[in-house]
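Undergrad: Structure file model.txt, compact mmCIF, C-alpha atoms, is pasted below:
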```txt
# COMPACT_ATOMS: atom_id res chain seq x y z
CA MET A 1 18.93 37.35 -46.82
CA ALA A 2 16.87 34.17 -46.45
CA ASN A 3 20.04 32.13 -46.87
CA ASN A 4 21.70 34.13 -44.08
CA ILE A 5 18.77 33.42 -41.77
CA ARG A 6 18.92 29.70 -42.57
CA ARG A 7 22.68 29.66 -41.91
CA HIS A 8 22.25 31.59 -38.66
CA LYS A 9 19.57 29.25 -37.30
CA PRO A 10 21.63 26.03 -37.49
CA ALA A 11 24.58 27.85 -35.95
CA THR A 12 22.43 28.91 -32.99
CA LEU A 13 21.08 25.39 -32.58
CA ASN A 14 24.61 23.99 -32.68
CA LYS A 15 25.70 26.38 -29.94
CA MET A 16 22.75 25.40 -27.75
CA ALA A 17 23.42 21.73 -28.36
CA ALA A 18 27.07 22.18 -27.47
CA TYR A 19 26.10 24.10 -24.34
CA PHE A 20 23.75 21.39 -23.08
CA LEU A 21 26.19 18.68 -24.11
CA HIS A 22 28.90 20.23 -21.98
CA HIS A 23 26.52 20.42 -19.04
CA MET A 24 25.77 16.72 -19.40
CA GLN A 25 29.47 15.96 -19.70
CA SER A 26 30.17 18.00 -16.57
CA LEU A 27 27.39 16.20 -14.73
CA VAL A 28 28.77 12.78 -15.64
CA PHE A 29 32.38 13.88 -15.10
CA SER A 30 31.63 15.18 -11.60
CA LEU A 31 29.89 11.92 -10.74
CA GLY A 32 32.94 10.03 -11.97
CA LYS A 33 35.24 12.15 -9.80
CA ILE A 34 33.08 11.38 -6.78
CA TYR A 35 33.06 7.68 -7.64
CA HIS A 36 36.85 7.55 -7.92
CA SER A 37 37.30 9.24 -4.52
CA PRO A 38 35.32 6.80 -2.36
CA THR A 39 36.83 7.73 0.99
CA THR A 40 36.18 11.45 0.61
CA THR A 41 32.76 10.81 -0.87
CA ILE A 42 31.63 8.41 1.85
CA MET A 43 32.82 10.68 4.65
CA THR A 44 31.28 13.81 3.13
CA VAL A 45 27.96 12.18 2.25
CA ALA A 46 27.74 10.48 5.65
CA VAL A 47 28.32 13.75 7.51
CA ILE A 48 25.72 15.52 5.35
CA GLY A 49 23.25 12.67 5.85
CA ILE A 50 23.67 12.63 9.62
CA THR A 51 23.41 16.42 9.76
CA LEU A 52 20.19 16.51 7.75
CA SER A 53 18.68 13.51 9.53
CA LEU A 54 18.47 15.44 12.81
CA PRO A 55 16.07 18.16 11.60
CA GLY A 56 14.31 15.51 9.52
CA GLY A 57 13.77 13.37 12.60
CA PHE A 58 12.55 16.35 14.62
CA TYR A 59 10.15 17.21 11.81
CA LEU A 60 8.67 13.70 11.87
CA PHE A 61 8.41 13.84 15.65
CA LEU A 62 6.42 17.08 15.45
CA LYS A 63 4.29 15.66 12.65
CA ASN A 64 3.31 12.72 14.85
CA ILE A 65 2.64 14.94 17.87
CA ASP A 66 0.49 17.23 15.70
CA ALA A 67 -1.55 14.23 14.57
CA MET A 68 -2.04 13.09 18.16
CA SER A 69 -2.96 16.57 19.35
CA GLY A 70 -5.54 16.77 16.58
CA ASP A 71 -7.16 13.64 17.99
CA PHE A 72 -7.09 15.17 21.47
CA ARG A 73 -8.73 18.34 20.23
CA SER A 74 -11.47 16.42 18.45
CA SER A 75 -12.14 14.47 21.66
CA SER A 76 -12.47 17.58 23.86
CA GLN A 77 -16.01 18.10 25.10
CA ILE A 78 -18.08 20.75 26.83
CA SER A 79 -20.26 19.56 29.69
CA LEU A 80 -23.43 21.56 30.34
CA TYR A 81 -24.83 20.99 33.83
CA LEU A 82 -28.44 22.15 33.77
CA ASP A 83 -30.64 23.60 36.48
CA ILE A 84 -31.44 20.90 39.03
CA GLU A 85 -35.14 21.80 38.81
CA MET A 86 -35.33 21.47 35.00
CA ASP A 87 -37.41 18.50 33.88
CA GLU A 88 -36.22 16.04 31.25
CA LYS A 89 -38.54 17.31 28.50
CA LYS A 90 -37.13 20.85 28.68
CA ALA A 91 -33.60 19.48 28.98
CA ARG A 92 -33.97 17.46 25.79
CA ALA A 93 -35.42 20.49 24.01
CA MET A 94 -32.33 22.44 25.06
CA GLU A 95 -30.13 19.68 23.67
CA ARG A 96 -31.78 20.07 20.26
CA GLN A 97 -31.25 23.84 20.49
CA VAL A 98 -27.55 23.38 21.25
CA ALA A 99 -27.13 20.82 18.45
CA ASP A 100 -28.22 23.44 15.90
CA MET A 101 -25.54 25.93 16.96
CA ALA A 102 -22.48 26.74 14.88
CA ASP A 103 -19.20 24.96 15.75
CA VAL A 104 -21.15 22.09 17.34
CA ALA A 105 -20.41 18.68 15.83
CA ASP A 106 -22.52 16.50 18.09
CA THR A 107 -24.45 16.47 21.36
CA ARG A 108 -25.40 13.76 23.82
CA PHE A 109 -28.03 13.97 26.55
CA VAL A 110 -27.33 12.34 29.91
CA SER A 111 -30.31 12.25 32.23
CA LYS A 112 -29.94 12.72 35.95
CA GLY A 113 -30.88 9.07 36.44
CA GLU A 114 -28.09 7.90 34.12
CA SER A 115 -25.63 10.20 35.87
CA LEU A 116 -26.58 8.83 39.27
CA GLU A 117 -26.29 5.23 38.09
CA ALA A 118 -22.87 5.87 36.57
CA PHE A 119 -21.73 7.58 39.77
CA LYS A 120 -22.90 4.62 41.85
CA GLN A 121 -20.88 2.21 39.72
CA THR A 122 -17.68 4.23 39.68
CA SER A 123 -17.62 5.78 43.14
CA GLY A 124 -18.11 2.70 45.30
CA PHE A 125 -20.76 4.46 47.41
CA GLY A 126 -23.72 2.64 45.92
CA LYS A 127 -25.34 1.70 49.24
CA SER A 128 -24.94 5.19 50.64
CA ILE A 129 -26.44 6.74 47.53
CA ASP A 130 -29.45 4.45 47.77
CA THR A 131 -30.33 6.08 51.07
CA LEU A 132 -30.79 9.50 49.43
CA SER A 133 -34.37 10.71 49.25
CA SER A 134 -33.85 12.47 45.90
CA ASN A 135 -31.38 12.59 43.04
CA PRO A 136 -28.92 15.46 43.65
CA LEU A 137 -27.46 15.34 40.13
CA PRO A 138 -28.71 17.51 37.24
CA HIS A 139 -29.38 16.61 33.63
CA THR A 140 -26.25 17.00 31.53
CA ILE A 141 -25.64 17.80 27.87
CA ILE A 142 -22.31 16.70 26.42
CA VAL A 143 -21.30 18.98 23.53
CA GLU A 144 -18.59 18.00 21.07
CA PRO A 145 -17.13 21.02 19.25
CA SER A 146 -16.51 20.83 15.53
CA SER A 147 -13.08 19.47 14.58
CA SER A 148 -12.51 22.59 12.46
CA ALA A 149 -13.02 24.90 15.45
CA ASP A 150 -9.80 26.27 16.90
CA THR A 151 -9.21 27.06 20.56
CA PHE A 152 -10.59 30.59 20.19
CA ALA A 153 -13.80 29.34 18.56
CA VAL A 154 -14.27 26.68 21.24
CA LYS A 155 -13.90 29.30 23.97
CA ASN A 156 -16.48 31.51 22.26
CA LEU A 157 -18.82 28.53 22.08
CA LEU A 158 -18.25 27.85 25.77
CA ASN A 159 -19.12 31.45 26.68
CA LEU A 160 -22.24 31.33 24.52
CA LEU A 161 -23.44 28.09 26.10
CA GLN A 162 -22.85 29.50 29.56
CA THR A 163 -25.37 32.29 28.86
CA LEU A 164 -28.20 29.94 27.90
CA PRO A 165 -31.12 29.99 30.34
CA GLY A 166 -31.19 26.87 32.45
CA VAL A 167 -27.43 26.21 32.23
CA GLU A 168 -25.86 26.28 35.67
CA ILE A 169 -22.29 25.36 34.67
CA ALA A 170 -20.56 25.02 31.30
CA LYS A 171 -17.22 23.31 31.74
CA LEU A 172 -14.37 22.70 29.31
CA ASP A 173 -10.92 21.65 30.41
CA THR A 174 -8.78 23.44 27.83
CA GLU A 175 -5.81 24.40 29.94
CA TRP A 176 -3.88 21.23 29.13
CA LEU A 177 -4.62 21.69 25.43
CA GLU A 178 -3.37 25.26 25.54
CA ARG A 179 -0.21 24.10 27.26
CA LEU A 180 0.25 21.41 24.63
CA TYR A 181 -0.24 23.87 21.76
CA THR A 182 2.20 26.31 23.36
CA ILE A 183 4.80 23.57 23.75
CA LEU A 184 4.23 22.52 20.14
CA GLU A 185 4.69 26.09 18.92
CA ILE A 186 7.95 26.35 20.85
CA ALA A 187 9.03 23.01 19.38
CA ARG A 188 8.16 24.14 15.84
CA ARG A 189 10.23 27.29 16.17
CA SER A 190 13.08 25.32 17.72
CA VAL A 191 13.01 22.87 14.82
CA ALA A 192 13.01 25.78 12.36
CA ILE A 193 16.08 27.27 14.06
CA ILE A 194 17.81 23.88 14.16
CA THR A 195 17.02 23.32 10.48
CA ILE A 196 18.52 26.69 9.52
CA LEU A 197 21.65 26.07 11.60
CA PHE A 198 22.16 22.59 10.19
CA GLY A 199 21.51 23.95 6.71
CA PHE A 200 24.41 26.36 7.21
CA ALA A 201 26.48 23.44 8.48
CA VAL A 202 25.79 21.55 5.25
CA LEU A 203 26.81 24.62 3.25
CA LEU A 204 30.10 24.74 5.15
CA ILE A 205 30.73 21.02 4.72
CA ILE A 206 30.14 21.06 0.98
CA GLY A 207 31.93 24.38 0.54
CA ASN A 208 35.01 23.07 2.31
CA THR A 209 34.95 19.85 0.26
CA ILE A 210 34.74 21.79 -3.00
CA ARG A 211 37.49 24.15 -1.81
CA LEU A 212 39.81 21.21 -1.23
CA ASP A 213 38.90 19.82 -4.64
CA ILE A 214 39.77 23.15 -6.25
CA GLN A 215 43.13 23.20 -4.47
CA ASN A 216 43.89 19.64 -5.55
CA ARG A 217 43.16 20.56 -9.17
CA TYR A 218 45.03 23.86 -9.07
CA GLN A 219 47.45 23.02 -11.88
CA GLU A 220 44.67 21.60 -14.03
CA ILE A 221 42.69 24.83 -13.64
CA ILE A 222 45.75 26.92 -14.56
CA VAL A 223 46.33 24.92 -17.74
CA THR A 224 42.65 25.07 -18.65
CA LYS A 225 42.63 28.85 -18.29
CA LEU A 226 45.79 29.15 -20.38
CA ILE A 227 44.09 27.46 -23.33
CA GLY A 228 41.20 29.92 -23.11
CA ALA A 229 38.59 28.28 -20.89
CA THR A 230 36.23 30.66 -19.14
CA ASN A 231 35.42 30.59 -15.43
CA ALA A 232 31.91 29.38 -16.26
CA PHE A 233 33.36 26.42 -18.17
CA ILE A 234 35.68 25.49 -15.29
CA ARG A 235 33.00 26.10 -12.66
CA ARG A 236 30.45 23.59 -13.93
CA PRO A 237 32.07 20.31 -12.78
CA PHE A 238 32.51 21.72 -9.27
CA LEU A 239 28.90 22.89 -9.14
CA TYR A 240 27.66 19.50 -10.22
CA GLY A 241 29.96 17.90 -7.67
CA GLY A 242 28.25 19.87 -4.92
CA LEU A 243 24.89 18.90 -6.39
CA TRP A 244 25.80 15.21 -6.17
CA TYR A 245 27.02 15.58 -2.59
CA GLY A 246 23.76 17.24 -1.59
CA LEU A 247 21.61 14.70 -3.42
CA LEU A 248 23.39 11.69 -1.94
CA GLY A 249 23.42 13.29 1.51
CA GLY A 250 19.66 13.80 1.31
CA VAL A 251 19.11 10.16 0.40
CA ILE A 252 21.31 9.05 3.31
CA SER A 253 19.41 11.31 5.73
CA TRP A 254 16.10 9.85 4.55
CA PHE A 255 17.50 6.35 5.02
CA ILE A 256 18.69 7.15 8.57
CA VAL A 257 15.30 8.54 9.57
CA GLU A 258 13.51 5.52 8.09
CA ILE A 259 15.81 3.17 10.03
CA GLY A 260 14.95 5.08 13.20
CA TYR A 261 11.27 4.77 12.34
CA LEU A 262 11.58 1.00 11.97
CA ALA A 263 13.47 0.77 15.26
CA ILE A 264 10.65 2.58 17.10
CA SER A 265 7.72 0.90 15.36
CA GLY A 266 8.38 -2.48 17.02
CA PRO A 267 8.12 -1.27 20.64
CA LEU A 268 5.17 0.93 19.65
CA ASN A 269 3.28 -2.08 18.31
CA ARG A 270 3.88 -3.93 21.58
CA LEU A 271 2.65 -0.86 23.48
CA ASN A 272 -0.52 -0.85 21.38
CA LEU A 273 -1.13 -4.48 22.30
CA LEU A 274 -0.56 -3.88 26.01
CA TYR A 275 -2.82 -0.84 26.24
CA GLN A 276 -5.17 -1.71 23.37
CA ALA A 277 -4.29 1.61 21.81
CA ASP A 278 -4.23 2.64 18.18
CA LEU A 279 -1.05 4.71 17.93
CA VAL A 280 0.43 4.80 14.43
CA LEU A 281 3.73 6.44 13.57
CA ILE A 282 3.67 8.78 10.59
CA THR A 283 6.72 8.55 8.37
CA PHE A 284 7.88 10.64 5.41
CA SER A 285 5.27 11.03 2.71
CA PHE A 286 6.31 11.16 -0.93
CA GLN A 287 5.99 14.95 -0.81
CA ASP A 288 8.20 15.10 2.29
CA PHE A 289 10.78 12.92 0.54
CA ILE A 290 10.82 15.19 -2.52
CA ILE A 291 11.18 18.28 -0.32
CA LEU A 292 14.04 16.69 1.62
CA ILE A 293 15.94 15.63 -1.50
CA SER A 294 15.31 18.94 -3.26
CA SER A 295 16.45 20.93 -0.22
CA SER A 296 19.62 18.90 0.24
CA THR A 297 20.41 19.15 -3.48
CA LEU A 298 19.87 22.91 -3.41
CA LEU A 299 22.12 23.21 -0.36
CA GLY A 300 24.81 21.23 -2.17
CA LEU A 301 24.56 23.42 -5.25
CA THR A 302 24.58 26.61 -3.18
CA GLY A 303 27.55 25.52 -1.07
CA SER A 304 29.59 24.60 -4.12
CA TRP A 305 28.66 27.87 -5.85
CA ILE A 306 29.86 29.91 -2.88
CA ALA A 307 33.13 27.98 -2.70
CA VAL A 308 33.79 28.18 -6.44
CA ALA A 309 32.91 31.88 -6.65
CA ARG A 310 35.32 32.65 -3.84
CA HIS A 311 38.31 30.50 -4.78
CA LEU A 312 38.18 30.11 -8.55
CA ASN A 313 38.63 33.83 -9.23
CA GLN A 314 41.80 33.78 -7.14
CA ILE A 315 43.45 31.31 -9.52
CA GLU A 316 44.97 33.11 -12.48
CA PRO A 317 47.87 32.00 -14.71
CA THR A 318 50.98 34.14 -14.35
```
Show how you would write the structure in this file as C-alpha cells.
TA:
Amino acid sequence: MANNIRRHKPATLNKMAAYFLHHMQSLVFSLGKIYHSPTTTIMTVAVIGITLSLPGGFYLFLKNIDAMSGDFRSSSQISLYLDIEMDEKKARAMERQVADMADVADTRFVSKGESLEAFKQTSGFGKSIDTLSSNPLPHTIIVEPSSSADTFAVKNLLNLLQTLPGVEIAKLDTEWLERLYTILEIARRSVAIITILFGFAVLLIIGNTIRLDIQNRYQEIIVTKLIGATNAFIRRPFLYGGLWYGLLGGVISWFIVEIGYLAISGPLNRLNLLYQADLVLITFSFQDFIILISSSTLLGLTGSWIAVARHLNQIEPT
C-alpha cells in the first residue's frame, strides 16, 4: 500500500508539472504569434491604448481638480463680525472661546483699527475716512474650519457661531464650493460611465481580434481536435493572446497619458512663473499604473474568453 502511495504521488506531481508547462508554452506561443503578426498587433494594441487613454486622462484630470478643490476648501474661512459696541478685551476673549470649538483649525483676530486701516489702503477713500468722527467698523474674528470638516460640518459650525452672543454676522461664502463639488460629482459619474463604455469597447475589439484568429486557424483547430485535444487545451493560446493584447494596450494607454502630461506641464510651468502660482500636475502613481495595467489585462483576458467560448464550440470535426 505504501508503494502504491509513493507511485501515485510522483504521477500527480508529473501531471501538475505538465499542466503548468503547457500553460507556459501557451503563454510563450501566443506571444510569438503576436510578434509574427506585427500589423495586426500594432493596430489592435494602438486602438486599445487610445481607447483606454481617454478614461485614464479623464481620471487624471479629476484627480488634479480634486487636489485643487481640497486646497480651496482648506482656504475657506468664516468671518465673524462682532457687535460694534464690543470692546477689544471681550472680543479677544471670544476669539479664544471660538478657537476651542470643534472643527476649528485656527482663528485670527482683526481689530476695528486694523480693519479701518486696511480699508483705507484698498478703497482709495483714505482722506474721506479720516474725516469720520468714529470708527464704523467692528472687531472681526477670522475662523478657519478644520481641513477634515466637510461642507455639512462647516455649515453646522457657521450656524453655531451665528448664535454666539456678541456676533452680529457670521459669513461664509460656500455657494461656489457647493457648485464646484456638484460639478465634480457629475464629472466623476460621467467618467465612470465613459470608463464602462470604453471597457466594453475594448472587450469588443479583443473579442473580434480573437474571433478572426480562430477563423484563420480553423483547419489547425480541426486537426488538433481529431487527435484528441480538448477545448481547454485549444483555448489556452487564444486566452493568453487576449491577455497580451490587453497588457500591451494598457502600457500604450499609460504612455499616451504620460505624453499628454509632459505636453501640458511646460505651459503650466510658464503660467506658474507669470502668476507666481504653485500649480503642480498630478500624474499616475505606481498604484494607478498597476490598476490600469491590471484592468486592461483583465479586459483582454475576458474579451478573449468570451470570443473563444462562443466560437470554439462551433468548430467540430465532421
Undergrad: Would you pick out the contacts of A:Thr224 at 12 Å or less, using all atoms listed in the file, so that residues sharing its chain but fewer than 3 positions from it are not included, and give the list as a PyMOL selection string?
TA: chain A and resi 217-221+227-235+315-317
Undergrad: Tell me which protein, DNA and RNA residues are within 10 Å of A:Asp87, counting all atoms listed in the file, leaving out same-chain ones fewer than 5 positions away, and put them as a list in words.
TA: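 Using all atoms listed in the file, the neighbours found are Leu82, Arg92, Ser111, Lys112, Pro138 and His139 of chain A.
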Undergrad: Could you tell me which of A:Phe61, A:Ala149, A:Gly300, A:Phe119 comes closest to A:Ile205 if we count all atoms listed in the file?
TA: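 Between A:Phe61, A:Ala149, A:Gly300, A:Phe119, the residue approaching A:Ile205 most closely is A:Gly300.
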Undergrad: Which of these residues is nearest to A:Leu172, using all atoms listed in the file: A:Ala93, A:Ile291, A:Val143, A:Ile206?
TA: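 Using all atoms listed in the file, the shortest distance to A:Leu172 belongs to A:Val143.
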Undergrad: Just the residues within 12 Å of A:Asp103, please, counting all atoms listed in the file, with nothing from its chain fewer than 4 positions along; format it as a list of chain:residue names.
TA: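 Here the answer would be A:Ser74, A:Ile78, A:Val98, A:Ala99, A:Thr107, A:Val143, A:Glu144, A:Pro145, A:Ser146, A:Ser147, A:Ser148, A:Ala149, A:Asp150, A:Thr151, A:Phe152, A:Ala153, A:Val154, A:Lys155, A:Asn156, A:Leu157, A:Leu158, A:Leu160, A:Leu161.
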Undergrad: Which is closest to A:Ile186 among A:Leu21, A:Val28, A:Ala67, A:Leu62, if we use all atoms listed in the file?
TA: A:Leu62
Undergrad: Measuring between all atoms listed in the file, which one of A:Ser26, A:Thr302, A:Thr195, A:Gln97 shows the shortest distance to A:Pro165?
TA: A:Gln97
